[in-house]
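For reference, the structure is listed below as structure tokens.
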2 protein chains.
Amino acid sequence: MPDVVTMDKIVSLARRRGFVFPSSEIYGGLGSSYDYGHYGVLMKENVKARWLEAMVRERDDIVALDSSIILHPSVWRASGHVAGFTDPLVDCRHCKLRFRADQLEEAQCGARPSKHPGETELCDLTEPRQFNLMFQTRIGALEETGLDAYLRPETAQGIFVNFKNVAQIARRKPPFGIAQLGKAFRNEITPGNFIFRTLEFEMMEMEYFVPPESAEHWHRYWIDERLAWYRRFGIRESHLRVRAHESDELSHYSSATSDIEYLFPIGWSELEGIANRGDYDLTAHSEASGTRLEWVDSATGERYVPYVVEPAAGVNRSLLAFLVDSYDEEVVAERPRTVLRLHPEIAPVKAAILPLVPRDAEMSTRARNLYEELRRAMVAEYDDSGQIGRRYRRQDEIGTPFALTVDEQTVEDETVTIRDRDSLAQERIPIAGARSFVLDRLAQEWKTSKAD
Amino acid sequence: MPDVVTMDKIVSLARRRGFVFPSSEIYGGLGSSYDYGHYGVLMKENVKARWLEAMVRERDDIVALDSSIILHPSVWRASGHVAGFTDPLVDCRHCKLRFRADQLEEAQCGARPSKHPGETELCDLTEPRQFNLMFQTRIGALEETGLDAYLRPETAQGIFVNFKNVAQIARRKPPFGIAQLGKAFRNEITPGNFIFRTLEFEMMEMEYFVPPESAEHWHRYWIDERLAWYRRFGIRESHLRVRAHESDELSHYSSATSDIEYLFPIGWSELEGIANRGDYDLTAHSEASGTRLEWVDSATGERYVPYVVEPAAGVNRSLLAFLVDSYDEEVVAERPRTVLRLHPEIAPVKAAILPLVPRDAEMSTRARNLYEELRRAMVAEYDDSGQIGRRYRRQDEIGTPFALTVDEQTVEDETVTIRDRDSLAQERIPIAGARSFVLDRLAQEWKTSKAD
């Protein structure tokens, strides 16, 4: 797969089919910012819905939360982010460009381009200084009286500061979790690789509060659960691996972190981090706020500060993994075909309804009726523009599992052809049973058609 | 209704049942910021899903978009927001407090509290100055080389700057629309009234691009559509009205705006604005960016800048309206009852499954099985803690339409009671048919039980 799928191909398809556009493009773009078009939105909604189902709806021990992006600035002082959420940066004295001190292998002086291609001209670098990755802003209209504030760099802190309220109302005892979907922002000096790392991104985080002695058990449990989630929605086993952080790469709050890595076109890279945050956060907020964030068992009087296990995934990065993993090119009847072999629950559109000859009233009426019936049960698309071959190609490229074509024979015997995106097999089925046919197929366990 | 429902009662219920918490509460709160608990998240998700269905899924002429919160700063210069999105503010020379010059009836000097209750001590005010309502931030690590940027105060501009990309790919001609859900931020000096006006809020905006000569027609069309949407999900007709803006209150981009107003406890206030933005935005971005944002008919060669009709609603404000409109108190069998008479599609939980005697294994097994069956089809809740009366009260207060109770008789004849939230009628039905019974009732047209 990595030989075939390059990031350029993914970027090109995503743009061509309206999944992802460079943000503010008419103004020359804005570094690593991206806007999501129609299919990108639908696919992102699917990723988030599947996560929320697996995390909240299919379980009894996790509740949902949606906290603010701008929290009280004390939250970020207590959490350690004001002091510790920094990158070491160096400046080149010649070209004035700025680089991450821990990524100097990529640093090249902008004012002294190498005369010999392949040679890298080194910069004359300053000593590293620490720069905070949080975007800053100010609440209130006046410089003098306003309040410095930050855009959250993770959604987790909004969960910790609400711990007491939620635990009381949810009437649950550890182990229990609080799950949150939402945007976060990081003022990265080196974002890049399309939607892999951007200034603004959507997170899917869950904080699982457990008795301290069982934290290691739950850490392993959540690594397994999250791996299973990616596999369940079609990511190839061979493109997933787990890597434990070395002690020198652990975040300031973490006692152990394992990354689920995916084999992106840029190589093995983090897809999701699963951290054992210990009691770091609840203890820090208890001390800073004077509110005891702990678990009190009303029956036994037992009280303790729970440990926290956190699976933290990125929506955009997951979307990229789903695109990369499903991207395929093949030659069919001597013509090239690009297809996204997406899991039906991730695919933005489930079924396309295509009248073979759109200006034929008999065909278009039947196709339209079938479309109206299907769209009540799933995201369906009616496409009557262009040659049928082009329409199939369009649906293949957005990963639509089923295409239903209304043709001459439909008018005679009220049957349609249903084309399978992956096998390209075509079957004739009665139009009256088409809706149930598609629903049944969508409900079946999905067998990947991907080469390993 | 306004006599019964006060904002205090809504705030209290929202907090008590975990819909909405004050944000950063353990740090003393943060002005008008709120976090959403489990039921608040579920209800917000329902509001957004119903909007997206009505705007995108049930139509062929509108596509979805999700643009960045931080756009290129040129976007906000071109849109007129840097120059014109301001409030006139005055300072009190005595107490140094700041007030909106257009809301001075609420201004009271903080340093000179009135000695006679009821009398208002006036401030000694400066001349008004204009303050921009956009939150500012900075991209890049350095003050000198960074780029000033803004948090979007509306999602609309992200749609306008993507107009060309989307129109090309969506292969649609006017009238067609682009819909977007997402957060926006306004550095308001006087936010307030619970979640009615907050610094950070979620918008549901749709920009509908039309031939200029039909803009007035579509403006009226969208006012009617949006009114129908609120009624469809249970808002009382008598608590909705449409008010056209006077010319002196129009936004800088609007040639005509009508507000759909709702009778909140604070009086008639804006629920949604439907504006005719004319060609203001597309023209402004065409001039500033050098990219012609216009419609070109490839068949006829006709080209023009479409007019834009924009229904812009707030998720949080809609949620507040749904809470207020459904809130009811009554006395049943000499005991007070608080109930949210929410439309089933808006209610966070559709069905609660309650074992009458939780420690009875026969009852709890049956209740648990029924719960597992129901939760696959809807958001269901299993509640076995506390007296049955308390459990009913809890479900009434979160607006759960149906409560299914497993009791002694269930063990004998495999039937359960199903209790209707609004009528309080209880029926006995076979446990085997309970799932279909609830699904059928949820699918029926909902008749409001609210007093007018």
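Letters A, B, ... go to the chains of the structure tokens in the order shown; residues in each chain start at 1; ligands are counted from 1 in the same order.
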
So that I can check the secondary structure, give me every residue of region 145-306 of chain B assigned strand (DSSP E or B) by backbone DSSP, as a VMD selection string. chain B and resid 147 to 151 176 to 185 192 197 200 to 210 240 to 244 256 to 264 267 to 278 295 to 296 303 to 304

Neighbouring residues of region 308-323 of chain A were defined as those with any atom within 6 Å, considering only C-alpha atoms; residues of the same chain fewer than 6 positions away were excluded. Please report them as a PDB file with all heavy atoms, in the first residue's frame.
```pdb
ATOM      1  N   PHE A 196      -2.645  15.887   8.800  1.00  0.00           N
ATOM      2  CA  PHE A 196      -2.050  15.115   9.896  1.00  0.00           C
ATOM      3  C   PHE A 196      -1.782  16.016  11.098  1.00  0.00           C
ATOM      4  O   PHE A 196      -2.062  15.654  12.242  1.00  0.00           O
ATOM      5  CB  PHE A 196      -0.745  14.451   9.445  1.00  0.00           C
ATOM      6  CG  PHE A 196      -0.083  13.639  10.524  1.00  0.00           C
ATOM      7  CD1 PHE A 196      -0.540  12.359  10.808  1.00  0.00           C
ATOM      8  CD2 PHE A 196       0.960  14.161  11.282  1.00  0.00           C
ATOM      9  CE1 PHE A 196       0.049  11.612  11.822  1.00  0.00           C
ATOM     10  CE2 PHE A 196       1.547  13.417  12.302  1.00  0.00           C
ATOM     11  CZ  PHE A 196       1.093  12.143  12.570  1.00  0.00           C
ATOM     12  N   GLU A 202      -9.858  18.631  15.584  1.00  0.00           N
ATOM     13  CA  GLU A 202     -10.918  18.100  16.428  1.00  0.00           C
ATOM     14  C   GLU A 202     -10.414  16.880  17.175  1.00  0.00           C
ATOM     15  O   GLU A 202      -9.820  15.988  16.583  1.00  0.00           O
ATOM     16  CB  GLU A 202     -12.133  17.701  15.581  1.00  0.00           C
ATOM     17  CG  GLU A 202     -12.961  18.880  15.151  1.00  0.00           C
ATOM     18  CD  GLU A 202     -14.181  18.429  14.364  1.00  0.00           C
ATOM     19  OE1 GLU A 202     -14.031  18.191  13.151  1.00  0.00           O
ATOM     20  OE2 GLU A 202     -15.261  18.301  14.945  1.00  0.00           O
ATOM     21  N   MET A 203     -10.692  16.840  18.461  1.00  0.00           N
ATOM     22  CA  MET A 203     -10.242  15.723  19.282  1.00  0.00           C
ATOM     23  C   MET A 203     -11.424  14.858  19.734  1.00  0.00           C
ATOM     24  O   MET A 203     -12.551  15.323  19.828  1.00  0.00           O
ATOM     25  CB  MET A 203      -9.506  16.230  20.515  1.00  0.00           C
ATOM     26  CG  MET A 203      -8.271  17.027  20.182  1.00  0.00           C
ATOM     27  SD  MET A 203      -7.245  17.325  21.669  1.00  0.00           S
ATOM     28  CE  MET A 203      -6.324  15.787  21.749  1.00  0.00           C
ATOM     29  N   MET A 204     -11.097  13.603  20.017  1.00  0.00           N
ATOM     30  CA  MET A 204     -12.058  12.682  20.630  1.00  0.00           C
ATOM     31  C   MET A 204     -11.331  12.141  21.857  1.00  0.00           C
ATOM     32  O   MET A 204     -10.458  11.280  21.722  1.00  0.00           O
ATOM     33  CB  MET A 204     -12.396  11.533  19.671  1.00  0.00           C
ATOM     34  CG  MET A 204     -12.822  12.003  18.278  1.00  0.00           C
ATOM     35  SD  MET A 204     -13.415  10.674  17.181  1.00  0.00           S
ATOM     36  CE  MET A 204     -11.845   9.996  16.563  1.00  0.00           C
ATOM     37  N   GLU A 205     -11.652  12.697  23.013  1.00  0.00           N
ATOM     38  CA  GLU A 205     -10.919  12.324  24.222  1.00  0.00           C
ATOM     39  C   GLU A 205     -11.873  11.724  25.248  1.00  0.00           C
ATOM     40  O   GLU A 205     -13.002  12.173  25.400  1.00  0.00           O
ATOM     41  CB  GLU A 205     -10.214  13.537  24.835  1.00  0.00           C
ATOM     42  CG  GLU A 205      -9.046  14.034  23.992  1.00  0.00           C
ATOM     43  CD  GLU A 205      -8.159  15.007  24.749  1.00  0.00           C
ATOM     44  OE1 GLU A 205      -8.691  15.972  25.337  1.00  0.00           O
ATOM     45  OE2 GLU A 205      -6.927  14.819  24.727  1.00  0.00           O
ATOM     46  N   MET A 206     -11.377  10.753  25.971  1.00  0.00           N
ATOM     47  CA  MET A 206     -12.159  10.165  27.052  1.00  0.00           C
ATOM     48  C   MET A 206     -11.248  10.003  28.256  1.00  0.00           C
ATOM     49  O   MET A 206     -10.138   9.476  28.141  1.00  0.00           O
ATOM     50  CB  MET A 206     -12.741   8.827  26.609  1.00  0.00           C
ATOM     51  CG  MET A 206     -13.853   8.309  27.509  1.00  0.00           C
ATOM     52  SD  MET A 206     -13.241   7.448  28.964  1.00  0.00           S
ATOM     53  CE  MET A 206     -12.581   5.964  28.206  1.00  0.00           C
ATOM     54  N   GLU A 207     -11.714  10.500  29.395  1.00  0.00           N
ATOM     55  CA  GLU A 207     -10.945  10.354  30.634  1.00  0.00           C
ATOM     56  C   GLU A 207     -11.648   9.298  31.472  1.00  0.00           C
ATOM     57  O   GLU A 207     -12.826   9.449  31.817  1.00  0.00           O
ATOM     58  CB  GLU A 207     -10.880  11.695  31.391  1.00  0.00           C
ATOM     59  CG  GLU A 207     -10.456  12.890  30.540  1.00  0.00           C
ATOM     60  CD  GLU A 207      -9.091  12.736  29.890  1.00  0.00           C
ATOM     61  OE1 GLU A 207      -8.164  12.253  30.567  1.00  0.00           O
ATOM     62  OE2 GLU A 207      -8.961  13.087  28.699  1.00  0.00           O
ATOM     63  N   TYR A 208     -10.916   8.251  31.778  1.00  0.00           N
ATOM     64  CA  TYR A 208     -11.490   7.104  32.496  1.00  0.00           C
ATOM     65  C   TYR A 208     -10.909   7.098  33.902  1.00  0.00           C
ATOM     66  O   TYR A 208      -9.698   6.943  34.082  1.00  0.00           O
ATOM     67  CB  TYR A 208     -11.141   5.833  31.726  1.00  0.00           C
ATOM     68  CG  TYR A 208     -12.046   4.667  32.005  1.00  0.00           C
ATOM     69  CD1 TYR A 208     -13.386   4.699  31.631  1.00  0.00           C
ATOM     70  CD2 TYR A 208     -11.558   3.518  32.625  1.00  0.00           C
ATOM     71  CE1 TYR A 208     -14.219   3.616  31.880  1.00  0.00           C
ATOM     72  CE2 TYR A 208     -12.388   2.427  32.870  1.00  0.00           C
ATOM     73  CZ  TYR A 208     -13.722   2.496  32.496  1.00  0.00           C
ATOM     74  OH  TYR A 208     -14.553   1.413  32.739  1.00  0.00           O
ATOM     75  N   PHE A 209     -11.780   7.326  34.892  1.00  0.00           N
ATOM     76  CA  PHE A 209     -11.352   7.472  36.284  1.00  0.00           C
ATOM     77  C   PHE A 209     -11.415   6.120  36.986  1.00  0.00           C
ATOM     78  O   PHE A 209     -12.476   5.498  37.027  1.00  0.00           O
ATOM     79  CB  PHE A 209     -12.244   8.492  36.993  1.00  0.00           C
ATOM     80  CG  PHE A 209     -12.213   9.854  36.327  1.00  0.00           C
ATOM     81  CD1 PHE A 209     -13.134  10.183  35.332  1.00  0.00           C
ATOM     82  CD2 PHE A 209     -11.244  10.785  36.681  1.00  0.00           C
ATOM     83  CE1 PHE A 209     -13.082  11.418  34.699  1.00  0.00           C
ATOM     84  CE2 PHE A 209     -11.198  12.030  36.056  1.00  0.00           C
ATOM     85  CZ  PHE A 209     -12.123  12.346  35.061  1.00  0.00           C
ATOM     86  N   HIS A 219      -5.193   0.713  31.512  1.00  0.00           N
ATOM     87  CA  HIS A 219      -4.354   1.239  30.437  1.00  0.00           C
ATOM     88  C   HIS A 219      -4.249   0.203  29.316  1.00  0.00           C
ATOM     89  O   HIS A 219      -4.483   0.512  28.137  1.00  0.00           O
ATOM     90  CB  HIS A 219      -2.970   1.609  30.994  1.00  0.00           C
ATOM     91  CG  HIS A 219      -2.131   2.386  30.037  1.00  0.00           C
ATOM     92  ND1 HIS A 219      -0.778   2.184  29.893  1.00  0.00           N
ATOM     93  CD2 HIS A 219      -2.450   3.374  29.167  1.00  0.00           C
ATOM     94  CE1 HIS A 219      -0.309   3.013  28.974  1.00  0.00           C
ATOM     95  NE2 HIS A 219      -1.295   3.749  28.515  1.00  0.00           N
ATOM     96  N   GLU A 272      -3.292   7.711  17.726  1.00  0.00           N
ATOM     97  CA  GLU A 272      -3.990   7.954  18.989  1.00  0.00           C
ATOM     98  C   GLU A 272      -3.026   7.678  20.128  1.00  0.00           C
ATOM     99  O   GLU A 272      -2.241   6.739  20.054  1.00  0.00           O
ATOM    100  CB  GLU A 272      -5.207   7.021  19.072  1.00  0.00           C
ATOM    101  CG  GLU A 272      -5.877   6.998  20.425  1.00  0.00           C
ATOM    102  CD  GLU A 272      -7.326   6.494  20.373  1.00  0.00           C
ATOM    103  OE1 GLU A 272      -7.851   6.250  19.281  1.00  0.00           O
ATOM    104  OE2 GLU A 272      -7.913   6.362  21.461  1.00  0.00           O
ATOM    105  N   GLY A 273      -3.087   8.495  21.164  1.00  0.00           N
ATOM    106  CA  GLY A 273      -2.254   8.260  22.339  1.00  0.00           C
ATOM    107  C   GLY A 273      -3.109   7.779  23.496  1.00  0.00           C
ATOM    108  O   GLY A 273      -4.188   8.322  23.742  1.00  0.00           O
ATOM    109  N   ILE A 274      -2.659   6.756  24.184  1.00  0.00           N
ATOM    110  CA  ILE A 274      -3.391   6.277  25.362  1.00  0.00           C
ATOM    111  C   ILE A 274      -2.464   6.424  26.563  1.00  0.00           C
ATOM    112  O   ILE A 274      -1.457   5.735  26.686  1.00  0.00           O
ATOM    113  CB  ILE A 274      -3.856   4.818  25.174  1.00  0.00           C
ATOM    114  CG1 ILE A 274      -4.900   4.781  24.047  1.00  0.00           C
ATOM    115  CG2 ILE A 274      -4.498   4.294  26.451  1.00  0.00           C
ATOM    116  CD1 ILE A 274      -4.619   3.822  22.974  1.00  0.00           C
ATOM    117  N   ALA A 275      -2.823   7.389  27.418  1.00  0.00           N
ATOM    118  CA  ALA A 275      -1.930   7.767  28.513  1.00  0.00           C
ATOM    119  C   ALA A 275      -2.487   7.334  29.857  1.00  0.00           C
ATOM    120  O   ALA A 275      -3.694   7.325  30.064  1.00  0.00           O
ATOM    121  CB  ALA A 275      -1.717   9.279  28.513  1.00  0.00           C
ATOM    122  N   ASN A 276      -1.593   6.996  30.745  1.00  0.00           N
ATOM    123  CA  ASN A 276      -1.942   6.855  32.159  1.00  0.00           C
ATOM    124  C   ASN A 276      -1.527   8.164  32.817  1.00  0.00           C
ATOM    125  O   ASN A 276      -0.345   8.403  33.056  1.00  0.00           O
ATOM    126  CB  ASN A 276      -1.198   5.662  32.763  1.00  0.00           C
ATOM    127  CG  ASN A 276      -1.482   5.512  34.254  1.00  0.00           C
ATOM    128  OD1 ASN A 276      -2.154   6.352  34.856  1.00  0.00           O
ATOM    129  ND2 ASN A 276      -0.954   4.452  34.843  1.00  0.00           N
ATOM    130  N   ARG A 277      -2.497   9.041  33.078  1.00  0.00           N
ATOM    131  CA  ARG A 277      -2.176  10.362  33.632  1.00  0.00           C
ATOM    132  C   ARG A 277      -2.078  10.323  35.151  1.00  0.00           C
ATOM    133  O   ARG A 277      -1.843  11.348  35.785  1.00  0.00           O
ATOM    134  CB  ARG A 277      -3.223  11.395  33.201  1.00  0.00           C
ATOM    135  CG  ARG A 277      -3.298  11.615  31.681  1.00  0.00           C
ATOM    136  CD  ARG A 277      -4.365  12.633  31.251  1.00  0.00           C
ATOM    137  NE  ARG A 277      -3.952  14.008  31.473  1.00  0.00           N
ATOM    138  CZ  ARG A 277      -3.966  14.973  30.544  1.00  0.00           C
ATOM    139  NH1 ARG A 277      -4.376  14.723  29.305  1.00  0.00           N
ATOM    140  NH2 ARG A 277      -3.589  16.199  30.834  1.00  0.00           N
ATOM    141  N   GLY A 278      -2.254   9.134  35.739  1.00  0.00           N
ATOM    142  CA  GLY A 278      -2.175   9.023  37.197  1.00  0.00           C
ATOM    143  C   GLY A 278      -3.166   9.964  37.852  1.00  0.00           C
ATOM    144  O   GLY A 278      -4.261  10.201  37.335  1.00  0.00           O
TER     145      GLY A 278
END
```

Determine which residues of chain A sit within 6 Å of chain B, taking into account only C-alpha atoms, and present them as JSON, numbers by chain. {"A": [24, 26, 27, 30, 35, 36, 37, 38, 63, 64, 65, 66, 67, 68, 72, 136, 137, 289]}

For the residues in that selection, give me N, CA and C atoms as a PDB file, in the first residue's frame.
```
ATOM      1  N   SER A  24      -9.020  29.324   3.371  1.00  0.00           N
ATOM      2  CA  SER A  24      -8.747  30.701   2.954  1.00  0.00           C
ATOM      3  C   SER A  24      -7.950  30.747   1.653  1.00  0.00           C
ATOM      4  N   ILE A  26      -8.537  31.597  -1.403  1.00  0.00           N
ATOM      5  CA  ILE A  26      -8.549  32.779  -2.271  1.00  0.00           C
ATOM      6  C   ILE A  26      -7.663  33.889  -1.713  1.00  0.00           C
ATOM      7  N   TYR A  27      -7.270  33.774  -0.448  1.00  0.00           N
ATOM      8  CA  TYR A  27      -6.321  34.732   0.135  1.00  0.00           C
ATOM      9  C   TYR A  27      -4.927  34.128   0.274  1.00  0.00           C
ATOM     10  N   LEU A  30      -3.607  29.594   4.513  1.00  0.00           N
ATOM     11  CA  LEU A  30      -3.168  29.995   5.852  1.00  0.00           C
ATOM     12  C   LEU A  30      -2.404  28.832   6.452  1.00  0.00           C
ATOM     13  N   ASP A  35     -10.346  23.358   5.261  1.00  0.00           N
ATOM     14  CA  ASP A  35     -11.787  23.383   5.404  1.00  0.00           C
ATOM     15  C   ASP A  35     -12.333  22.088   4.800  1.00  0.00           C
ATOM     16  N   TYR A  36     -13.440  21.615   5.348  1.00  0.00           N
ATOM     17  CA  TYR A  36     -13.998  20.337   4.912  1.00  0.00           C
ATOM     18  C   TYR A  36     -15.242  20.563   4.067  1.00  0.00           C
ATOM     19  N   GLY A  37     -15.229  19.991   2.863  1.00  0.00           N
ATOM     20  CA  GLY A  37     -16.377  20.086   1.973  1.00  0.00           C
ATOM     21  C   GLY A  37     -17.428  19.043   2.335  1.00  0.00           C
ATOM     22  N   HIS A  38     -18.453  18.964   1.515  1.00  0.00           N
ATOM     23  CA  HIS A  38     -19.621  18.123   1.783  1.00  0.00           C
ATOM     24  C   HIS A  38     -19.277  16.694   2.223  1.00  0.00           C
ATOM     25  N   VAL A  63     -20.149   8.880  30.369  1.00  0.00           N
ATOM     26  CA  VAL A  63     -21.100   9.929  30.011  1.00  0.00           C
ATOM     27  C   VAL A  63     -20.402  10.980  29.150  1.00  0.00           C
ATOM     28  N   ALA A  64     -21.210  11.793  28.464  1.00  0.00           N
ATOM     29  CA  ALA A  64     -20.672  12.791  27.544  1.00  0.00           C
ATOM     30  C   ALA A  64     -20.557  14.153  28.232  1.00  0.00           C
ATOM     31  N   LEU A  65     -19.657  14.985  27.714  1.00  0.00           N
ATOM     32  CA  LEU A  65     -19.478  16.350  28.208  1.00  0.00           C
ATOM     33  C   LEU A  65     -19.075  17.224  27.028  1.00  0.00           C
ATOM     34  N   ASP A  66     -19.428  18.503  27.106  1.00  0.00           N
ATOM     35  CA  ASP A  66     -18.958  19.449  26.090  1.00  0.00           C
ATOM     36  C   ASP A  66     -18.590  20.742  26.796  1.00  0.00           C
ATOM     37  N   SER A  67     -17.304  20.910  27.049  1.00  0.00           N
ATOM     38  CA  SER A  67     -16.848  22.087  27.792  1.00  0.00           C
ATOM     39  C   SER A  67     -16.376  23.167  26.827  1.00  0.00           C
ATOM     40  N   SER A  68     -16.120  24.354  27.382  1.00  0.00           N
ATOM     41  CA  SER A  68     -15.767  25.508  26.555  1.00  0.00           C
ATOM     42  C   SER A  68     -14.351  25.399  25.998  1.00  0.00           C
ATOM     43  N   HIS A  72     -11.258  29.248  32.117  1.00  0.00           N
ATOM     44  CA  HIS A  72     -10.572  30.203  33.000  1.00  0.00           C
ATOM     45  C   HIS A  72      -9.060  29.978  32.895  1.00  0.00           C
ATOM     46  N   GLN A 136      -2.987  32.479  22.493  1.00  0.00           N
ATOM     47  CA  GLN A 136      -3.450  33.383  23.538  1.00  0.00           C
ATOM     48  C   GLN A 136      -4.490  34.335  22.994  1.00  0.00           C
ATOM     49  N   THR A 137      -5.407  34.746  23.844  1.00  0.00           N
ATOM     50  CA  THR A 137      -6.327  35.814  23.465  1.00  0.00           C
ATOM     51  C   THR A 137      -6.660  36.594  24.725  1.00  0.00           C
ATOM     52  N   SER A 289      -7.397  25.011  43.102  1.00  0.00           N
ATOM     53  CA  SER A 289      -8.738  25.594  43.236  1.00  0.00           C
ATOM     54  C   SER A 289      -9.276  25.528  44.661  1.00  0.00           C
TER      55      SER A 289
END
```

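Across the model, the gap from CA of Arg231 (chain B) to CA of Lys447 (chain B) is 11.2 Å.
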
Determine, counting only C-alpha atoms, which protein, DNA and RNA residues have an atom within 10 Å of an atom of Met7 (chain B); residues of the same chain fewer than 4 positions away are not included. Present the result as a PyMOL selection string. chain B and resi 2+11-13+193-194+264-266+320+324

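The smallest atom-to-atom distance between Tyr327 (chain A) and any of A:Ile398, A:Val305, A:Ala184, A:Leu370, using only C-alpha atoms, is found for A:Ile398.
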
What parts of region 216-266 of chain A does DSSP call alpha helix (DSSP H)? I'd like the answer as number ranges by chain. A: 216-232

So what do you get for CA of Ala14 (chain A) versus CA of Tyr304 (chain B), distance-wise? 28.4 Å
